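K.L.:
What follows is my_file.cif, made up of mmCIF, N, CA and C atoms:
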```cif
data_start
loop_
_atom_site.label_atom_id
_atom_site.label_comp_id
_atom_site.auth_asym_id
_atom_site.auth_seq_id
_atom_site.Cartn_x
_atom_site.Cartn_y
_atom_site.Cartn_z
N MET A 27 -30.76 -36.95 -37.02
CA MET A 27 -30.27 -37.00 -35.66
C MET A 27 -30.93 -38.14 -34.89
N ASN A 28 -32.21 -38.36 -35.10
CA ASN A 28 -32.88 -39.46 -34.40
C ASN A 28 -32.28 -40.80 -34.78
N ARG A 29 -31.89 -40.94 -36.04
CA ARG A 29 -31.27 -42.19 -36.49
C ARG A 29 -29.95 -42.41 -35.75
N GLU A 30 -29.18 -41.33 -35.60
CA GLU A 30 -27.91 -41.43 -34.90
C GLU A 30 -28.12 -41.77 -33.43
N LEU A 31 -29.11 -41.16 -32.80
CA LEU A 31 -29.42 -41.46 -31.39
C LEU A 31 -29.87 -42.91 -31.23
N ASP A 32 -30.66 -43.40 -32.17
CA ASP A 32 -31.08 -44.80 -32.13
C ASP A 32 -29.88 -45.73 -32.26
N SER A 33 -28.94 -45.36 -33.11
CA SER A 33 -27.73 -46.16 -33.28
C SER A 33 -26.91 -46.18 -32.00
N VAL A 34 -26.75 -45.02 -31.37
CA VAL A 34 -26.01 -44.93 -30.10
C VAL A 34 -26.69 -45.79 -29.04
N ALA A 35 -28.00 -45.70 -28.96
CA ALA A 35 -28.74 -46.50 -27.97
C ALA A 35 -28.56 -47.99 -28.23
N GLY A 36 -28.57 -48.38 -29.48
CA GLY A 36 -28.41 -49.78 -29.82
C GLY A 36 -27.01 -50.30 -29.54
N LEU A 37 -26.00 -49.49 -29.83
CA LEU A 37 -24.62 -49.89 -29.61
C LEU A 37 -24.21 -49.80 -28.14
N GLY A 38 -24.82 -48.86 -27.43
CA GLY A 38 -24.44 -48.64 -26.04
C GLY A 38 -23.33 -47.62 -25.88
N TYR A 39 -22.89 -47.02 -26.98
CA TYR A 39 -21.88 -45.98 -26.91
C TYR A 39 -22.00 -45.07 -28.12
N GLY A 40 -21.42 -43.89 -27.98
CA GLY A 40 -21.40 -42.94 -29.08
C GLY A 40 -19.99 -42.74 -29.57
N ARG A 41 -19.89 -42.28 -30.79
CA ARG A 41 -18.58 -42.09 -31.40
C ARG A 41 -18.59 -40.78 -32.18
N ALA A 42 -17.54 -40.01 -32.01
CA ALA A 42 -17.37 -38.77 -32.77
C ALA A 42 -16.07 -38.88 -33.56
N VAL A 43 -16.11 -38.50 -34.80
CA VAL A 43 -14.93 -38.59 -35.66
C VAL A 43 -14.69 -37.22 -36.27
N GLY A 44 -13.83 -36.44 -35.66
CA GLY A 44 -13.50 -35.12 -36.17
C GLY A 44 -14.63 -34.12 -36.06
N ASP A 45 -15.63 -34.39 -35.22
CA ASP A 45 -16.78 -33.48 -35.13
C ASP A 45 -16.43 -32.18 -34.42
N ALA A 46 -15.73 -32.25 -33.30
CA ALA A 46 -15.41 -31.05 -32.52
C ALA A 46 -14.09 -30.43 -32.95
N GLU A 47 -13.14 -31.29 -33.32
CA GLU A 47 -11.83 -30.80 -33.72
C GLU A 47 -11.26 -31.73 -34.78
N GLU A 48 -10.73 -31.15 -35.83
CA GLU A 48 -10.16 -31.94 -36.91
C GLU A 48 -9.03 -32.83 -36.39
N GLY A 49 -9.07 -34.09 -36.76
CA GLY A 49 -8.02 -35.03 -36.38
C GLY A 49 -8.21 -35.68 -35.02
N VAL A 50 -9.32 -35.36 -34.36
CA VAL A 50 -9.57 -35.92 -33.03
C VAL A 50 -10.90 -36.68 -33.05
N GLY A 51 -10.90 -37.84 -32.42
CA GLY A 51 -12.11 -38.63 -32.29
C GLY A 51 -12.38 -38.95 -30.84
N ALA A 52 -13.57 -39.43 -30.56
CA ALA A 52 -13.93 -39.76 -29.18
C ALA A 52 -14.96 -40.88 -29.15
N ILE A 53 -14.97 -41.59 -28.04
CA ILE A 53 -16.05 -42.53 -27.76
C ILE A 53 -16.61 -42.15 -26.40
N ALA A 54 -17.91 -42.36 -26.23
CA ALA A 54 -18.57 -41.94 -25.00
C ALA A 54 -19.65 -42.94 -24.61
N VAL A 55 -19.86 -43.04 -23.30
CA VAL A 55 -20.93 -43.87 -22.76
C VAL A 55 -21.76 -43.02 -21.80
N ALA A 56 -22.98 -43.46 -21.57
CA ALA A 56 -23.89 -42.73 -20.70
C ALA A 56 -23.65 -43.09 -19.24
N ILE A 57 -23.88 -42.11 -18.38
CA ILE A 57 -23.95 -42.33 -16.94
C ILE A 57 -25.43 -42.21 -16.60
N ARG A 58 -25.97 -43.24 -16.00
CA ARG A 58 -27.41 -43.30 -15.76
C ARG A 58 -27.74 -43.30 -14.27
N GLN A 59 -28.90 -42.80 -13.99
CA GLN A 59 -29.51 -42.92 -12.67
C GLN A 59 -30.88 -43.55 -12.94
N GLY A 60 -30.97 -44.86 -12.71
CA GLY A 60 -32.16 -45.58 -13.12
C GLY A 60 -32.19 -45.63 -14.64
N ASN A 61 -33.31 -45.23 -15.23
CA ASN A 61 -33.42 -45.20 -16.69
C ASN A 61 -33.06 -43.85 -17.30
N GLU A 62 -32.72 -42.89 -16.44
CA GLU A 62 -32.44 -41.53 -16.91
C GLU A 62 -30.95 -41.33 -17.12
N VAL A 63 -30.58 -40.75 -18.25
CA VAL A 63 -29.19 -40.39 -18.51
C VAL A 63 -28.91 -39.07 -17.78
N VAL A 64 -27.92 -39.09 -16.88
CA VAL A 64 -27.59 -37.90 -16.09
C VAL A 64 -26.23 -37.31 -16.48
N GLY A 65 -25.51 -38.02 -17.36
CA GLY A 65 -24.22 -37.51 -17.80
C GLY A 65 -23.59 -38.45 -18.80
N THR A 66 -22.39 -38.12 -19.21
CA THR A 66 -21.63 -38.97 -20.10
C THR A 66 -20.18 -39.01 -19.65
N MET A 67 -19.48 -40.03 -20.08
CA MET A 67 -18.05 -40.15 -19.85
C MET A 67 -17.44 -40.48 -21.19
N SER A 68 -16.35 -39.78 -21.54
CA SER A 68 -15.77 -39.99 -22.86
C SER A 68 -14.24 -40.01 -22.80
N VAL A 69 -13.68 -40.53 -23.88
CA VAL A 69 -12.24 -40.53 -24.09
C VAL A 69 -12.01 -39.98 -25.49
N ALA A 70 -11.14 -38.97 -25.57
CA ALA A 70 -10.80 -38.37 -26.87
C ALA A 70 -9.35 -38.73 -27.21
N VAL A 71 -9.12 -39.07 -28.46
CA VAL A 71 -7.78 -39.46 -28.92
C VAL A 71 -7.58 -38.99 -30.36
N PRO A 72 -6.33 -38.90 -30.79
CA PRO A 72 -6.09 -38.60 -32.19
C PRO A 72 -6.72 -39.70 -33.06
N LEU A 73 -7.30 -39.31 -34.17
CA LEU A 73 -7.97 -40.28 -35.04
C LEU A 73 -7.05 -41.40 -35.49
N THR A 74 -5.77 -41.12 -35.62
CA THR A 74 -4.83 -42.16 -36.04
C THR A 74 -4.74 -43.29 -35.02
N ARG A 75 -5.17 -43.04 -33.78
CA ARG A 75 -5.13 -44.07 -32.74
C ARG A 75 -6.50 -44.66 -32.42
N LEU A 76 -7.54 -44.15 -33.07
CA LEU A 76 -8.90 -44.61 -32.79
C LEU A 76 -9.28 -45.74 -33.75
N THR A 77 -8.56 -46.84 -33.66
CA THR A 77 -8.83 -48.00 -34.49
C THR A 77 -9.94 -48.83 -33.86
N GLU A 78 -10.52 -49.72 -34.62
CA GLU A 78 -11.56 -50.61 -34.08
C GLU A 78 -11.01 -51.44 -32.93
N GLU A 79 -9.76 -51.87 -33.06
CA GLU A 79 -9.14 -52.66 -32.00
C GLU A 79 -9.00 -51.85 -30.72
N ARG A 80 -8.60 -50.59 -30.86
CA ARG A 80 -8.43 -49.73 -29.68
C ARG A 80 -9.78 -49.42 -29.05
N VAL A 81 -10.79 -49.19 -29.87
CA VAL A 81 -12.14 -48.96 -29.34
C VAL A 81 -12.58 -50.18 -28.53
N ALA A 82 -12.32 -51.37 -29.05
CA ALA A 82 -12.68 -52.61 -28.35
C ALA A 82 -11.95 -52.74 -27.01
N GLU A 83 -10.74 -52.20 -26.92
CA GLU A 83 -9.99 -52.22 -25.66
C GLU A 83 -10.52 -51.18 -24.68
N ILE A 84 -10.83 -49.99 -25.19
CA ILE A 84 -11.23 -48.87 -24.32
C ILE A 84 -12.66 -49.01 -23.81
N LEU A 85 -13.58 -49.48 -24.65
CA LEU A 85 -15.00 -49.50 -24.27
C LEU A 85 -15.28 -50.20 -22.95
N PRO A 86 -14.76 -51.41 -22.70
CA PRO A 86 -15.06 -52.04 -21.41
C PRO A 86 -14.54 -51.24 -20.21
N LEU A 87 -13.38 -50.61 -20.38
CA LEU A 87 -12.84 -49.78 -19.30
C LEU A 87 -13.69 -48.54 -19.07
N LEU A 88 -14.13 -47.93 -20.16
CA LEU A 88 -14.97 -46.75 -20.07
C LEU A 88 -16.33 -47.10 -19.47
N ALA A 89 -16.89 -48.22 -19.87
CA ALA A 89 -18.18 -48.66 -19.32
C ALA A 89 -18.06 -48.95 -17.83
N ARG A 90 -16.96 -49.55 -17.41
CA ARG A 90 -16.75 -49.84 -15.99
C ARG A 90 -16.63 -48.54 -15.18
N ALA A 91 -15.90 -47.58 -15.73
CA ALA A 91 -15.76 -46.29 -15.06
C ALA A 91 -17.11 -45.58 -14.95
N ALA A 92 -17.92 -45.64 -16.00
CA ALA A 92 -19.25 -45.03 -15.95
C ALA A 92 -20.13 -45.73 -14.93
N SER A 93 -20.01 -47.05 -14.85
CA SER A 93 -20.78 -47.81 -13.86
C SER A 93 -20.38 -47.40 -12.44
N ASP A 94 -19.08 -47.20 -12.23
CA ASP A 94 -18.62 -46.75 -10.92
C ASP A 94 -19.19 -45.37 -10.59
N MET A 95 -19.27 -44.50 -11.58
CA MET A 95 -19.86 -43.16 -11.37
C MET A 95 -21.34 -43.27 -11.03
N GLU A 96 -22.03 -44.22 -11.68
CA GLU A 96 -23.46 -44.41 -11.40
C GLU A 96 -23.67 -44.80 -9.94
N MET A 97 -22.79 -45.65 -9.42
CA MET A 97 -22.93 -46.08 -8.03
C MET A 97 -22.68 -44.94 -7.08
N ALA A 98 -21.81 -44.00 -7.46
CA ALA A 98 -21.48 -42.86 -6.60
C ALA A 98 -22.49 -41.73 -6.73
N TRP A 99 -23.29 -41.77 -7.80
CA TRP A 99 -24.22 -40.67 -8.08
C TRP A 99 -25.23 -40.64 -7.00
#
```
Mind turning the file's structure into structure tokens?

P.N.:
Amino acid sequence: MNRELDSVAGLGYGRAVGDAEEGVGAIAVAIRQGNEVVGTMSVAVPLTRLTEERVAEILPLLARAASDMEMAW
């Protein structure tokens, strides 16, 4: 688990592939207050649509939304 957390920290996002529900994947980013993580924001989609290209499209939008939440926190 520590290895996975280190990977998430290094990438700046987390990814789930069928972990909660078969056939569904998700990507998530942290919502921070200073250096503390106070929440997460995620997008879940069918695995057939969670391609590397789609992740590359969604991540900047998700990061921007999380940043907006940080400002409102």

K.L.:
How many Å separate atom CA of A:Ala46 from atom CA of A:Val69?

P.N.:
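Straight-line distance from atom CA of A:Ala46 to atom CA of A:Val69 works out to 13.1 Å.
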
K.L.:
Find the residue from A:Val50, A:Ala42, A:Ile57, A:Leu76 that sits nearest to A:Ala91; use all atoms listed in the file when measuring.

P.N.:
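Under the stated criterion, the closest residue is A:Ile57.
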
K.L.:
Please give the centre and size of the box around stretch 38-48 of chain A (axis-aligned, containing every atom listed in the file, 3 Å added per side), with values in Å to one decimal and written as JSON.

P.N.:
```
{"center_x": -16.9, "center_y": -39.6, "center_z": -31.4, "size_x": 21.8, "size_y": 24.4, "size_z": 17.0}
```

K.L.:
Using only C-alpha atoms, which residues sit within 8 Å of stretch 82-89 of chain A once same-chain residues fewer than 2 positions away are excluded, as a list in words?

P.N.:
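Listing them by chain and then by number gives Ile53, Ala54, Val55, Met67, Ser68, Val69, Glu78, Glu79, Arg80, Ala91, Ala92 and Ser93 of chain A.
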
K.L.:
Can you spit out the residues from that selection as a short mmCIF file (atom, residue, chain, number, x, y, z; two decimals), keeping the file's coordinate frame, using N, CA and C atoms?

P.N.:
```cif
data_model
loop_
_atom_site.label_atom_id
_atom_site.label_comp_id
_atom_site.auth_asym_id
_atom_site.auth_seq_id
_atom_site.Cartn_x
_atom_site.Cartn_y
_atom_site.Cartn_z
N ILE A 53 -14.97 -41.59 -28.04
CA ILE A 53 -16.05 -42.53 -27.76
C ILE A 53 -16.61 -42.15 -26.40
N ALA A 54 -17.91 -42.36 -26.23
CA ALA A 54 -18.57 -41.94 -25.00
C ALA A 54 -19.65 -42.94 -24.61
N VAL A 55 -19.86 -43.04 -23.30
CA VAL A 55 -20.93 -43.87 -22.76
C VAL A 55 -21.76 -43.02 -21.80
N MET A 67 -19.48 -40.03 -20.08
CA MET A 67 -18.05 -40.15 -19.85
C MET A 67 -17.44 -40.48 -21.19
N SER A 68 -16.35 -39.78 -21.54
CA SER A 68 -15.77 -39.99 -22.86
C SER A 68 -14.24 -40.01 -22.80
N VAL A 69 -13.68 -40.53 -23.88
CA VAL A 69 -12.24 -40.53 -24.09
C VAL A 69 -12.01 -39.98 -25.49
N GLU A 78 -10.52 -49.72 -34.62
CA GLU A 78 -11.56 -50.61 -34.08
C GLU A 78 -11.01 -51.44 -32.93
N GLU A 79 -9.76 -51.87 -33.06
CA GLU A 79 -9.14 -52.66 -32.00
C GLU A 79 -9.00 -51.85 -30.72
N ARG A 80 -8.60 -50.59 -30.86
CA ARG A 80 -8.43 -49.73 -29.68
C ARG A 80 -9.78 -49.42 -29.05
N ALA A 91 -15.90 -47.58 -15.73
CA ALA A 91 -15.76 -46.29 -15.06
C ALA A 91 -17.11 -45.58 -14.95
N ALA A 92 -17.92 -45.64 -16.00
CA ALA A 92 -19.25 -45.03 -15.95
C ALA A 92 -20.13 -45.73 -14.93
N SER A 93 -20.01 -47.05 -14.85
CA SER A 93 -20.78 -47.81 -13.86
C SER A 93 -20.38 -47.40 -12.44
#
```

K.L.:
Run DSSP on the backbone of this structure and report the residues of chain A it assigns to alpha helix (DSSP H), as a short mmCIF file (atom, residue, chain, number, x, y, z; two decimals) with N, CA and C atoms, in the frame of the given file.

P.N.:
```cif
data_model
loop_
_atom_site.label_atom_id
_atom_site.label_comp_id
_atom_site.auth_asym_id
_atom_site.auth_seq_id
_atom_site.Cartn_x
_atom_site.Cartn_y
_atom_site.Cartn_z
N ASN A 28 -32.21 -38.36 -35.10
CA ASN A 28 -32.88 -39.46 -34.40
C ASN A 28 -32.28 -40.80 -34.78
N ARG A 29 -31.89 -40.94 -36.04
CA ARG A 29 -31.27 -42.19 -36.49
C ARG A 29 -29.95 -42.41 -35.75
N GLU A 30 -29.18 -41.33 -35.60
CA GLU A 30 -27.91 -41.43 -34.90
C GLU A 30 -28.12 -41.77 -33.43
N LEU A 31 -29.11 -41.16 -32.80
CA LEU A 31 -29.42 -41.46 -31.39
C LEU A 31 -29.87 -42.91 -31.23
N ASP A 32 -30.66 -43.40 -32.17
CA ASP A 32 -31.08 -44.80 -32.13
C ASP A 32 -29.88 -45.73 -32.26
N SER A 33 -28.94 -45.36 -33.11
CA SER A 33 -27.73 -46.16 -33.28
C SER A 33 -26.91 -46.18 -32.00
N VAL A 34 -26.75 -45.02 -31.37
CA VAL A 34 -26.01 -44.93 -30.10
C VAL A 34 -26.69 -45.79 -29.04
N ALA A 35 -28.00 -45.70 -28.96
CA ALA A 35 -28.74 -46.50 -27.97
C ALA A 35 -28.56 -47.99 -28.23
N GLY A 36 -28.57 -48.38 -29.48
CA GLY A 36 -28.41 -49.78 -29.82
C GLY A 36 -27.01 -50.30 -29.54
N LEU A 37 -26.00 -49.49 -29.83
CA LEU A 37 -24.62 -49.89 -29.61
C LEU A 37 -24.21 -49.80 -28.14
N GLU A 78 -10.52 -49.72 -34.62
CA GLU A 78 -11.56 -50.61 -34.08
C GLU A 78 -11.01 -51.44 -32.93
N GLU A 79 -9.76 -51.87 -33.06
CA GLU A 79 -9.14 -52.66 -32.00
C GLU A 79 -9.00 -51.85 -30.72
N ARG A 80 -8.60 -50.59 -30.86
CA ARG A 80 -8.43 -49.73 -29.68
C ARG A 80 -9.78 -49.42 -29.05
N VAL A 81 -10.79 -49.19 -29.87
CA VAL A 81 -12.14 -48.96 -29.34
C VAL A 81 -12.58 -50.18 -28.53
N ALA A 82 -12.32 -51.37 -29.05
CA ALA A 82 -12.68 -52.61 -28.35
C ALA A 82 -11.95 -52.74 -27.01
N GLU A 83 -10.74 -52.20 -26.92
CA GLU A 83 -9.99 -52.22 -25.66
C GLU A 83 -10.52 -51.18 -24.68
N ILE A 84 -10.83 -49.99 -25.19
CA ILE A 84 -11.23 -48.87 -24.32
C ILE A 84 -12.66 -49.01 -23.81
N LEU A 85 -13.58 -49.48 -24.65
CA LEU A 85 -15.00 -49.50 -24.27
C LEU A 85 -15.28 -50.20 -22.95
N PRO A 86 -14.76 -51.41 -22.70
CA PRO A 86 -15.06 -52.04 -21.41
C PRO A 86 -14.54 -51.24 -20.21
N LEU A 87 -13.38 -50.61 -20.38
CA LEU A 87 -12.84 -49.78 -19.30
C LEU A 87 -13.69 -48.54 -19.07
N LEU A 88 -14.13 -47.93 -20.16
CA LEU A 88 -14.97 -46.75 -20.07
C LEU A 88 -16.33 -47.10 -19.47
N ALA A 89 -16.89 -48.22 -19.87
CA ALA A 89 -18.18 -48.66 -19.32
C ALA A 89 -18.06 -48.95 -17.83
N ARG A 90 -16.96 -49.55 -17.41
CA ARG A 90 -16.75 -49.84 -15.99
C ARG A 90 -16.63 -48.54 -15.18
N ALA A 91 -15.90 -47.58 -15.73
CA ALA A 91 -15.76 -46.29 -15.06
C ALA A 91 -17.11 -45.58 -14.95
N ALA A 92 -17.92 -45.64 -16.00
CA ALA A 92 -19.25 -45.03 -15.95
C ALA A 92 -20.13 -45.73 -14.93
N SER A 93 -20.01 -47.05 -14.85
CA SER A 93 -20.78 -47.81 -13.86
C SER A 93 -20.38 -47.40 -12.44
N ASP A 94 -19.08 -47.20 -12.23
CA ASP A 94 -18.62 -46.75 -10.92
C ASP A 94 -19.19 -45.37 -10.59
N MET A 95 -19.27 -44.50 -11.58
CA MET A 95 -19.86 -43.16 -11.37
C MET A 95 -21.34 -43.27 -11.03
N GLU A 96 -22.03 -44.22 -11.68
CA GLU A 96 -23.46 -44.41 -11.40
C GLU A 96 -23.67 -44.80 -9.94
N MET A 97 -22.79 -45.65 -9.42
CA MET A 97 -22.93 -46.08 -8.03
C MET A 97 -22.68 -44.94 -7.08
N ALA A 98 -21.81 -44.00 -7.46
CA ALA A 98 -21.48 -42.86 -6.60
C ALA A 98 -22.49 -41.73 -6.73
#
```

K.L.:
Suppose you want the space between atom N of A:Gly60 and atom CA of A:Glu96; what is it in Å?

P.N.:
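It comes out at 7.6 Å.
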
K.L.:
Using only C-alpha atoms, which protein or nucleic acid residues come within 12 Å of A:Leu73? Drop anything in the same chain fewer than 6 positions from it, and give the result as a ChimeraX atom specification.

P.N.:
/A:41-45,47-53,80-81

K.L.:
Output N, CA and C atoms for every residue in that selection, as an mmCIF file, keeping the file's coordinate frame.

P.N.:
```cif
data_model
loop_
_atom_site.group_PDB
_atom_site.id
_atom_site.type_symbol
_atom_site.label_atom_id
_atom_site.label_comp_id
_atom_site.auth_asym_id
_atom_site.auth_seq_id
_atom_site.Cartn_x
_atom_site.Cartn_y
_atom_site.Cartn_z
ATOM 1 N N ARG A 41 -19.890 -42.280 -30.790
ATOM 2 C CA ARG A 41 -18.580 -42.090 -31.400
ATOM 3 C C ARG A 41 -18.590 -40.780 -32.180
ATOM 4 N N ALA A 42 -17.540 -40.010 -32.010
ATOM 5 C CA ALA A 42 -17.370 -38.770 -32.770
ATOM 6 C C ALA A 42 -16.070 -38.880 -33.560
ATOM 7 N N VAL A 43 -16.110 -38.500 -34.800
ATOM 8 C CA VAL A 43 -14.930 -38.590 -35.660
ATOM 9 C C VAL A 43 -14.690 -37.220 -36.270
ATOM 10 N N GLY A 44 -13.830 -36.440 -35.660
ATOM 11 C CA GLY A 44 -13.500 -35.120 -36.170
ATOM 12 C C GLY A 44 -14.630 -34.120 -36.060
ATOM 13 N N ASP A 45 -15.630 -34.390 -35.220
ATOM 14 C CA ASP A 45 -16.780 -33.480 -35.130
ATOM 15 C C ASP A 45 -16.430 -32.180 -34.420
ATOM 16 N N GLU A 47 -13.140 -31.290 -33.320
ATOM 17 C CA GLU A 47 -11.830 -30.800 -33.720
ATOM 18 C C GLU A 47 -11.260 -31.730 -34.780
ATOM 19 N N GLU A 48 -10.730 -31.150 -35.830
ATOM 20 C CA GLU A 48 -10.160 -31.940 -36.910
ATOM 21 C C GLU A 48 -9.030 -32.830 -36.390
ATOM 22 N N GLY A 49 -9.070 -34.090 -36.760
ATOM 23 C CA GLY A 49 -8.020 -35.030 -36.380
ATOM 24 C C GLY A 49 -8.210 -35.680 -35.020
ATOM 25 N N VAL A 50 -9.320 -35.360 -34.360
ATOM 26 C CA VAL A 50 -9.570 -35.920 -33.030
ATOM 27 C C VAL A 50 -10.900 -36.680 -33.050
ATOM 28 N N GLY A 51 -10.900 -37.840 -32.420
ATOM 29 C CA GLY A 51 -12.110 -38.630 -32.290
ATOM 30 C C GLY A 51 -12.380 -38.950 -30.840
ATOM 31 N N ALA A 52 -13.570 -39.430 -30.560
ATOM 32 C CA ALA A 52 -13.930 -39.760 -29.180
ATOM 33 C C ALA A 52 -14.960 -40.880 -29.150
ATOM 34 N N ILE A 53 -14.970 -41.590 -28.040
ATOM 35 C CA ILE A 53 -16.050 -42.530 -27.760
ATOM 36 C C ILE A 53 -16.610 -42.150 -26.400
ATOM 37 N N ARG A 80 -8.600 -50.590 -30.860
ATOM 38 C CA ARG A 80 -8.430 -49.730 -29.680
ATOM 39 C C ARG A 80 -9.780 -49.420 -29.050
ATOM 40 N N VAL A 81 -10.790 -49.190 -29.870
ATOM 41 C CA VAL A 81 -12.140 -48.960 -29.340
ATOM 42 C C VAL A 81 -12.580 -50.180 -28.530
#
```

K.L.:
Find the residue from A:Thr66, A:Pro72, A:Arg58, A:Leu37 that sits nearest to A:Ala98; use only C-alpha atoms when measuring.

P.N.:
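Selected residue with least distance to A:Ala98: A:Arg58.
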
K.L.:
Using Å and a single decimal, report how far atom C of A:Trp99 sits from atom CA of A:Val64.

P.N.:
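That distance, rounded to one decimal, is 9.8 Å.
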
K.L.:
Give the strand (DSSP E or B) residues of chain A, as assigned by DSSP on the backbone, as an mmCIF file with N, CA and C atoms, in the coordinates of the input.

P.N.:
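Output file out27.cif follows:
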```cif
data_model
loop_
_atom_site.group_PDB
_atom_site.id
_atom_site.type_symbol
_atom_site.label_atom_id
_atom_site.label_comp_id
_atom_site.auth_asym_id
_atom_site.auth_seq_id
_atom_site.Cartn_x
_atom_site.Cartn_y
_atom_site.Cartn_z
ATOM 1 N N GLY A 40 -21.420 -43.890 -27.980
ATOM 2 C CA GLY A 40 -21.400 -42.940 -29.080
ATOM 3 C C GLY A 40 -19.990 -42.740 -29.570
ATOM 4 N N ARG A 41 -19.890 -42.280 -30.790
ATOM 5 C CA ARG A 41 -18.580 -42.090 -31.400
ATOM 6 C C ARG A 41 -18.590 -40.780 -32.180
ATOM 7 N N ALA A 42 -17.540 -40.010 -32.010
ATOM 8 C CA ALA A 42 -17.370 -38.770 -32.770
ATOM 9 C C ALA A 42 -16.070 -38.880 -33.560
ATOM 10 N N VAL A 43 -16.110 -38.500 -34.800
ATOM 11 C CA VAL A 43 -14.930 -38.590 -35.660
ATOM 12 C C VAL A 43 -14.690 -37.220 -36.270
ATOM 13 N N VAL A 50 -9.320 -35.360 -34.360
ATOM 14 C CA VAL A 50 -9.570 -35.920 -33.030
ATOM 15 C C VAL A 50 -10.900 -36.680 -33.050
ATOM 16 N N GLY A 51 -10.900 -37.840 -32.420
ATOM 17 C CA GLY A 51 -12.110 -38.630 -32.290
ATOM 18 C C GLY A 51 -12.380 -38.950 -30.840
ATOM 19 N N ALA A 52 -13.570 -39.430 -30.560
ATOM 20 C CA ALA A 52 -13.930 -39.760 -29.180
ATOM 21 C C ALA A 52 -14.960 -40.880 -29.150
ATOM 22 N N ILE A 53 -14.970 -41.590 -28.040
ATOM 23 C CA ILE A 53 -16.050 -42.530 -27.760
ATOM 24 C C ILE A 53 -16.610 -42.150 -26.400
ATOM 25 N N ALA A 54 -17.910 -42.360 -26.230
ATOM 26 C CA ALA A 54 -18.570 -41.940 -25.000
ATOM 27 C C ALA A 54 -19.650 -42.940 -24.610
ATOM 28 N N VAL A 55 -19.860 -43.040 -23.300
ATOM 29 C CA VAL A 55 -20.930 -43.870 -22.760
ATOM 30 C C VAL A 55 -21.760 -43.020 -21.800
ATOM 31 N N ALA A 56 -22.980 -43.460 -21.570
ATOM 32 C CA ALA A 56 -23.890 -42.730 -20.700
ATOM 33 C C ALA A 56 -23.650 -43.090 -19.240
ATOM 34 N N ILE A 57 -23.880 -42.110 -18.380
ATOM 35 C CA ILE A 57 -23.950 -42.330 -16.940
ATOM 36 C C ILE A 57 -25.430 -42.210 -16.600
ATOM 37 N N ARG A 58 -25.970 -43.240 -16.000
ATOM 38 C CA ARG A 58 -27.410 -43.300 -15.760
ATOM 39 C C ARG A 58 -27.740 -43.300 -14.270
ATOM 40 N N GLN A 59 -28.900 -42.800 -13.990
ATOM 41 C CA GLN A 59 -29.510 -42.920 -12.670
ATOM 42 C C GLN A 59 -30.880 -43.550 -12.940
ATOM 43 N N GLU A 62 -32.720 -42.890 -16.440
ATOM 44 C CA GLU A 62 -32.440 -41.530 -16.910
ATOM 45 C C GLU A 62 -30.950 -41.330 -17.120
ATOM 46 N N VAL A 63 -30.580 -40.750 -18.250
ATOM 47 C CA VAL A 63 -29.190 -40.390 -18.510
ATOM 48 C C VAL A 63 -28.910 -39.070 -17.780
ATOM 49 N N VAL A 64 -27.920 -39.090 -16.880
ATOM 50 C CA VAL A 64 -27.590 -37.900 -16.090
ATOM 51 C C VAL A 64 -26.230 -37.310 -16.480
ATOM 52 N N GLY A 65 -25.510 -38.020 -17.360
ATOM 53 C CA GLY A 65 -24.220 -37.510 -17.800
ATOM 54 C C GLY A 65 -23.590 -38.450 -18.800
ATOM 55 N N THR A 66 -22.390 -38.120 -19.210
ATOM 56 C CA THR A 66 -21.630 -38.970 -20.100
ATOM 57 C C THR A 66 -20.180 -39.010 -19.650
ATOM 58 N N MET A 67 -19.480 -40.030 -20.080
ATOM 59 C CA MET A 67 -18.050 -40.150 -19.850
ATOM 60 C C MET A 67 -17.440 -40.480 -21.190
ATOM 61 N N SER A 68 -16.350 -39.780 -21.540
ATOM 62 C CA SER A 68 -15.770 -39.990 -22.860
ATOM 63 C C SER A 68 -14.240 -40.010 -22.800
ATOM 64 N N VAL A 69 -13.680 -40.530 -23.880
ATOM 65 C CA VAL A 69 -12.240 -40.530 -24.090
ATOM 66 C C VAL A 69 -12.010 -39.980 -25.490
ATOM 67 N N ALA A 70 -11.140 -38.970 -25.570
ATOM 68 C CA ALA A 70 -10.800 -38.370 -26.870
ATOM 69 C C ALA A 70 -9.350 -38.730 -27.210
ATOM 70 N N VAL A 71 -9.120 -39.070 -28.460
ATOM 71 C CA VAL A 71 -7.780 -39.460 -28.920
ATOM 72 C C VAL A 71 -7.580 -38.990 -30.360
ATOM 73 N N PRO A 72 -6.330 -38.900 -30.790
ATOM 74 C CA PRO A 72 -6.090 -38.600 -32.190
ATOM 75 C C PRO A 72 -6.720 -39.700 -33.060
#
```

K.L.:
From the structure just shown, export stretch 68-80 of chain A with C-alpha atoms as a tab-separated table (two decimals), in the first residue's frame.

P.N.:
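File written: decode.tsv
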```tsv
chain	number	residue	atom	x	y	z
A	68	SER	CA	-12.81	11.87	-8.84
A	69	VAL	CA	-14.39	10.85	-12.11
A	70	ALA	CA	-15.67	7.31	-12.63
A	71	VAL	CA	-16.24	5.85	-16.10
A	72	PRO	CA	-16.68	2.47	-17.76
A	73	LEU	CA	-13.26	0.87	-18.22
A	74	THR	CA	-13.82	0.71	-21.96
A	75	ARG	CA	-13.68	4.53	-21.98
A	76	LEU	CA	-10.76	4.95	-19.56
A	77	THR	CA	-8.03	5.05	-22.19
A	78	GLU	CA	-4.70	6.79	-21.67
A	79	GLU	CA	-5.83	9.47	-24.12
A	80	ARG	CA	-9.05	10.07	-22.17
```
